[in-house]
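S.K.: To be precise about what I am sending: the file is called upload06.cif and holds mmCIF, C-alpha atoms, pLDDT in the B column; chains and numbers go by the auth columns.
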data_my_file
#
loop_
_atom_site.group_PDB
_atom_site.id
_atom_site.type_symbol
_atom_site.label_atom_id
_atom_site.label_comp_id
_atom_site.label_asym_id
_atom_site.label_seq_id
_atom_site.Cartn_x
_atom_site.Cartn_y
_atom_site.Cartn_z
_atom_site.B_iso_or_equiv
_atom_site.auth_seq_id
_atom_site.auth_asym_id
ATOM 1 C CA MET A 1 90.673 91.236 111.453 71.00 1 A
ATOM 2 C CA TYR A 2 87.775 93.396 110.258 84.00 2 A
ATOM 3 C CA VAL A 3 87.293 93.552 106.487 93.00 3 A
ATOM 4 C CA GLN A 4 84.936 96.046 104.840 94.00 4 A
ATOM 5 C CA ILE A 5 83.472 94.865 101.518 95.00 5 A
ATOM 6 C CA ASP A 6 81.685 97.379 99.318 96.00 6 A
ATOM 7 C CA LEU A 7 80.302 95.639 96.206 95.00 7 A
ATOM 8 C CA ASP A 8 78.002 97.284 93.674 94.00 8 A
ATOM 9 C CA GLY A 9 77.519 94.617 91.000 91.00 9 A
ATOM 10 C CA PRO A 10 75.259 96.627 88.672 92.00 10 A
ATOM 11 C CA ALA A 11 77.761 99.517 88.689 94.00 11 A
ATOM 12 C CA GLY A 12 80.704 97.103 88.475 95.00 12 A
ATOM 13 C CA THR A 13 82.654 98.336 91.488 96.00 13 A
ATOM 14 C CA LEU A 14 84.237 96.552 94.434 97.00 14 A
ATOM 15 C CA ARG A 15 86.366 97.930 97.256 98.00 15 A
ATOM 16 C CA VAL A 16 87.849 95.866 100.073 97.00 16 A
ATOM 17 C CA SER A 17 89.449 97.716 102.966 97.00 17 A
ATOM 18 C CA GLY A 18 89.952 97.527 106.701 95.00 18 A
ATOM 19 C CA HIS A 19 92.298 98.512 109.492 94.00 19 A
ATOM 20 C CA GLY A 20 95.776 97.247 108.600 95.00 20 A
ATOM 21 C CA LEU A 21 94.693 96.009 105.156 96.00 21 A
ATOM 22 C CA PRO A 22 95.800 97.398 101.822 97.00 22 A
ATOM 23 C CA ALA A 23 92.810 98.672 99.844 98.00 23 A
ATOM 24 C CA VAL A 24 91.856 96.476 96.902 98.00 24 A
ATOM 25 C CA GLU A 25 89.660 97.936 94.177 98.00 25 A
ATOM 26 C CA LEU A 26 88.177 96.157 91.178 98.00 26 A
ATOM 27 C CA VAL A 27 86.230 98.093 88.568 98.00 27 A
ATOM 28 C CA ARG A 28 84.359 96.877 85.507 97.00 28 A
ATOM 29 C CA ALA A 29 84.694 99.106 82.422 96.00 29 A
ATOM 30 C CA PRO A 30 82.103 101.906 82.415 93.00 30 A
ATOM 31 C CA GLY A 31 79.294 101.269 79.971 90.00 31 A
ATOM 32 C CA SER A 32 79.943 97.525 79.796 92.00 32 A
ATOM 33 C CA ARG A 33 76.877 95.358 80.188 90.00 33 A
ATOM 34 C CA PRO A 34 77.024 93.107 83.279 92.00 34 A
ATOM 35 C CA ASP A 35 76.443 89.377 83.024 88.00 35 A
ATOM 36 C CA ALA A 36 73.968 87.815 85.420 83.00 36 A
ATOM 37 C CA HIS A 37 76.282 85.103 86.755 83.00 37 A
ATOM 38 C CA THR A 38 79.260 87.069 88.081 89.00 38 A
ATOM 39 C CA PRO A 39 78.888 89.434 91.055 91.00 39 A
ATOM 40 C CA ILE A 40 81.264 92.045 89.524 94.00 40 A
ATOM 41 C CA GLY A 41 79.454 91.601 86.208 92.00 41 A
ATOM 42 C CA THR A 42 82.097 90.016 83.961 94.00 42 A
ATOM 43 C CA ARG A 43 84.867 87.441 83.694 92.00 43 A
ATOM 44 C CA ARG A 44 86.481 89.269 80.758 95.00 44 A
ATOM 45 C CA ALA A 45 89.904 90.540 81.854 96.00 45 A
ATOM 46 C CA GLU A 46 89.921 93.355 79.309 97.00 46 A
ATOM 47 C CA LEU A 47 86.860 94.846 81.040 97.00 47 A
ATOM 48 C CA LEU A 48 88.389 94.779 84.535 97.00 48 A
ATOM 49 C CA ALA A 49 90.870 97.081 86.286 98.00 49 A
ATOM 50 C CA LEU A 50 92.397 95.943 89.593 98.00 50 A
ATOM 51 C CA THR A 51 94.497 97.920 92.045 98.00 51 A
ATOM 52 C CA VAL A 52 96.110 96.655 95.236 98.00 52 A
ATOM 53 C CA ASP A 53 97.216 99.343 97.679 97.00 53 A
ATOM 54 C CA GLY A 54 96.862 101.912 94.882 96.00 54 A
ATOM 55 C CA GLU A 55 99.102 100.030 92.437 97.00 55 A
ATOM 56 C CA PRO A 56 97.780 98.394 89.248 98.00 56 A
ATOM 57 C CA ALA A 57 97.664 94.592 89.292 98.00 57 A
ATOM 58 C CA VAL A 58 97.072 92.032 86.544 98.00 58 A
ATOM 59 C CA ILE A 59 93.867 90.016 86.823 98.00 59 A
ATOM 60 C CA ARG A 60 93.024 87.024 84.643 97.00 60 A
ATOM 61 C CA PRO A 61 89.718 85.299 85.337 95.00 61 A
ATOM 62 C CA ALA A 62 89.244 82.057 83.419 90.00 62 A
ATOM 63 C CA ARG A 63 86.096 81.683 81.318 83.00 63 A
ATOM 64 C CA GLY A 64 84.059 79.600 83.761 68.00 64 A
ATOM 65 C CA ARG A 65 82.813 76.616 81.784 64.00 65 A
ATOM 66 C CA LEU A 66 82.641 72.890 82.525 63.00 66 A
ATOM 67 C CA LEU A 67 85.519 72.137 84.904 60.00 67 A
ATOM 68 C CA ARG A 68 85.917 73.677 88.347 62.00 68 A
ATOM 69 C CA ARG A 69 89.379 74.835 87.334 66.00 69 A
ATOM 70 C CA SER A 70 87.779 76.907 84.552 67.00 70 A
ATOM 71 C CA TYR A 71 86.383 79.192 87.279 83.00 71 A
ATOM 72 C CA ARG A 72 89.828 80.120 88.608 91.00 72 A
ATOM 73 C CA VAL A 73 90.953 83.727 88.927 95.00 73 A
ATOM 74 C CA ASP A 74 94.651 84.631 88.779 97.00 74 A
ATOM 75 C CA VAL A 75 96.190 87.869 90.020 98.00 75 A
ATOM 76 C CA HIS A 76 99.779 89.061 89.684 98.00 76 A
ATOM 77 C CA THR A 77 100.780 91.922 91.943 97.00 77 A
ATOM 78 C CA ASP A 78 104.117 93.075 93.338 94.00 78 A
ATOM 79 C CA GLY A 79 105.887 89.882 92.206 96.00 79 A
ATOM 80 C CA VAL A 80 103.292 87.583 93.805 98.00 80 A
ATOM 81 C CA HIS A 81 100.923 85.179 92.029 98.00 81 A
ATOM 82 C CA TYR A 82 97.538 84.651 93.672 98.00 82 A
ATOM 83 C CA ARG A 83 94.895 82.155 92.578 97.00 83 A
ATOM 84 C CA LEU A 84 91.317 81.575 93.682 96.00 84 A
ATOM 85 C CA VAL A 85 89.964 78.232 92.441 92.00 85 A
ATOM 86 C CA PRO A 86 86.843 76.249 93.419 90.00 86 A
ATOM 87 C CA CYS A 87 87.469 73.131 95.480 81.00 87 A
ATOM 88 C CA GLY A 88 83.867 72.271 96.368 79.00 88 A
ATOM 89 C CA HIS A 89 80.264 73.149 95.611 73.00 89 A
ATOM 90 C CA ASP A 90 80.362 76.362 97.611 78.00 90 A
ATOM 91 C CA HIS A 91 83.943 77.130 98.596 88.00 91 A
ATOM 92 C CA SER A 92 87.261 77.924 96.932 91.00 92 A
ATOM 93 C CA ARG A 93 90.900 77.689 97.947 92.00 93 A
ATOM 94 C CA PHE A 94 93.148 80.722 97.760 97.00 94 A
ATOM 95 C CA THR A 95 96.854 80.320 97.065 97.00 95 A
ATOM 96 C CA ARG A 96 99.897 82.588 97.092 98.00 96 A
ATOM 97 C CA ASP A 97 102.699 81.409 94.787 98.00 97 A
ATOM 98 C CA GLY A 98 101.145 77.931 94.734 96.00 98 A
ATOM 99 C CA ARG A 99 100.760 77.538 98.516 97.00 99 A
ATOM 100 C CA ARG A 100 97.325 77.471 100.099 97.00 100 A
ATOM 101 C CA VAL A 101 96.763 80.404 102.425 97.00 101 A
ATOM 102 C CA GLY A 102 92.996 80.345 102.806 96.00 102 A
ATOM 103 C CA LYS A 103 89.595 78.844 102.116 94.00 103 A
ATOM 104 C CA LEU A 104 86.755 81.175 101.171 93.00 104 A
ATOM 105 C CA LEU A 105 82.998 80.960 100.823 90.00 105 A
ATOM 106 C CA CYS A 106 80.830 83.571 99.089 88.00 106 A
ATOM 107 C CA SER A 107 77.489 83.048 97.372 74.00 107 A
ATOM 108 C CA GLY A 108 77.833 86.247 95.359 71.00 108 A
ATOM 109 C CA ASN A 109 76.097 88.584 97.781 77.00 109 A
ATOM 110 C CA GLY A 110 79.229 90.497 98.796 76.00 110 A
ATOM 111 C CA ARG A 111 79.621 88.624 102.102 84.00 111 A
ATOM 112 C CA VAL A 112 82.672 86.410 102.486 88.00 112 A
ATOM 113 C CA ILE A 113 83.295 83.706 105.072 83.00 113 A
ATOM 114 C CA ASP A 114 86.996 82.987 105.331 89.00 114 A
ATOM 115 C CA THR A 115 89.440 80.644 107.028 89.00 115 A
ATOM 116 C CA TRP A 116 93.112 81.668 106.872 96.00 116 A
ATOM 117 C CA LYS A 117 96.196 79.568 107.483 96.00 117 A
ATOM 118 C CA PRO A 118 98.820 80.855 109.917 96.00 118 A
ATOM 119 C CA GLY A 119 101.138 83.183 108.052 94.00 119 A
ATOM 120 C CA ALA A 120 98.450 84.735 105.837 96.00 120 A
ATOM 121 C CA THR A 121 99.356 88.406 105.382 97.00 121 A
ATOM 122 C CA PRO A 122 97.004 91.403 105.355 97.00 122 A
ATOM 123 C CA ARG A 123 97.647 91.605 101.573 97.00 123 A
ATOM 124 C CA ASP A 124 96.616 87.935 101.184 97.00 124 A
ATOM 125 C CA ILE A 125 93.422 88.572 103.133 97.00 125 A
ATOM 126 C CA ALA A 126 92.515 91.711 101.177 97.00 126 A
ATOM 127 C CA VAL A 127 93.157 90.187 97.729 98.00 127 A
ATOM 128 C CA GLY A 128 91.492 86.852 98.549 97.00 128 A
ATOM 129 C CA THR A 129 88.423 88.529 100.000 96.00 129 A
ATOM 130 C CA ALA A 130 88.138 90.809 96.963 96.00 130 A
ATOM 131 C CA LEU A 131 88.321 87.908 94.508 96.00 131 A
ATOM 132 C CA ALA A 132 85.759 85.853 96.424 94.00 132 A
ATOM 133 C CA ALA A 133 83.354 88.809 96.616 94.00 133 A
ATOM 134 C CA ALA A 134 83.838 89.743 92.945 94.00 134 A
ATOM 135 C CA PHE A 135 83.537 86.261 91.426 91.00 135 A
ATOM 136 C CA GLY A 136 81.836 84.110 94.063 85.00 136 A
ATOM 137 C CA THR A 137 83.199 80.750 95.185 85.00 137 A
ATOM 138 C CA GLY A 138 82.634 77.074 94.489 66.00 138 A
ATOM 139 C CA ALA A 139 81.434 75.175 91.426 61.00 139 A
ATOM 140 C CA SER A 140 79.786 71.881 90.604 54.00 140 A
ATOM 141 C CA PRO A 141 81.998 68.977 89.515 53.00 141 A
ATOM 142 C CA TRP A 142 82.107 68.381 85.757 49.00 142 A
ATOM 143 C CA PHE A 143 80.066 65.164 85.866 50.00 143 A
ATOM 144 C CA GLU A 144 77.220 66.915 87.680 57.00 144 A
ATOM 145 C CA THR A 145 77.248 69.756 85.139 51.00 145 A
ATOM 146 C CA VAL A 146 77.230 67.288 82.239 51.00 146 A
ATOM 147 C CA GLY A 147 74.345 65.408 83.861 52.00 147 A
ATOM 148 C CA GLU A 148 72.331 68.627 84.104 58.00 148 A
ATOM 149 C CA ILE A 149 73.019 69.445 80.438 54.00 149 A
ATOM 150 C CA VAL A 150 71.998 65.954 79.299 59.00 150 A
ATOM 151 C CA SER A 151 68.833 66.017 81.399 65.00 151 A
ATOM 152 C CA GLU A 152 67.850 69.311 79.766 69.00 152 A
ATOM 153 C CA LEU A 153 68.263 67.792 76.308 72.00 153 A
ATOM 154 C CA ILE A 154 66.140 64.712 76.992 76.00 154 A
ATOM 155 C CA PRO A 155 62.382 65.421 76.553 70.00 155 A
#
Would you write the structure of this file as structure tokens?
M.R.:
Amino acid sequence: MYVQIDLDGPAGTLRVSGHGLPAVELVRAPGSRPDAHTPIGTRRAELLALTVDGEPAVIRPARGRLLRRSYRVDVHTDGVHYRLVPCGHDHSRFTRDGRRVGKLLCSGNGRVIDTWKPGATPRDIAVGTALAAAFGTGASPWFETVGEIVSELIP
């Protein structure tokens, strides 16, 4: 299935579309200053507006701190709960109502490499691809992050 990803990080806009896919749009609040670590420019939910197939959806990115789980992104749309959460250095798992439907890889450049389980719907694919493109995938394990912090503190 062909997926078109249009990401403009500095402007804070993302659109995912394709034949047979519902359009997913994520927009950062106009005038908000982008952060350098997130492709869409922020992890602050109050600065983001998400629509899936033209309907508003609720998006809740976690803060992105020490634990991999802190980089999760939750979306609620049309009675469905989606979650993108890192499960390795460079990839994340994507779940629908707690069941894994895909594995995604994106380094933050707007290109997504995906693997979908049988039964993944066009809506799953569109939302998962949008989240991976907007927030990137993967994270270091906590002990590696702590080691990097400690090594920076030691002269």
S.K.: Tell me which protein, DNA and RNA residues are within 12 Å of Ala57 in chain A, counting all atoms listed in the file, leaving out same-chain ones fewer than 2 positions away, and put them as a list of chain:residue names.
M.R.: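 The residues satisfying every condition are A:Val24, A:Glu25, A:Leu26, A:Val27, A:Ala45, A:Leu48, A:Ala49, A:Leu50, A:Thr51, A:Val52, A:Asp53, A:Gly54, A:Glu55, A:Ile59, A:Arg60, A:Asp74, A:Val75, A:His76, A:Thr77, A:Asp78, A:Gly79, A:Val80, A:His81, A:Tyr82, A:Val127.
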S.K.: Nearest to Arg28 in chain A among A:Gly88, A:Ala134, A:Leu104, A:Gly98, with distances taken over only C-alpha atoms: which residue is it?
M.R.: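 Between A:Gly88, A:Ala134, A:Leu104, A:Gly98, the residue approaching Arg28 in chain A most closely is A:Ala134.
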S.K.: Kindly resolve the PyMOL selection byres ((chain A and resi 92) around 8) on the present coordinates and return the residues as a list in words.
M.R.: Leu84, Val85, Pro86, Cys87, Gly88, Asp90, His91, Arg93, Phe94, Lys103, Leu104, Leu105, Thr137 and Gly138 of chain A
S.K.: Identify which of the residues A:Ala11, A:Ala126, A:Ala23, A:Asn109 lies closest to His37 in chain A, counting only C-alpha atoms when measuring atom-to-atom distances.
M.R.: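 Of A:Ala11, A:Ala126, A:Ala23, A:Asn109, the one nearest His37 in chain A is A:Asn109, counting only C-alpha atoms.
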S.K.: Just want the 10 Å neighbourhood of Tyr2 in chain A, counted on all atoms listed in the file, with same-chain residues fewer than 5 positions away dropped. Output as a PyMOL selection string.
M.R.: chain A and resi 17-21
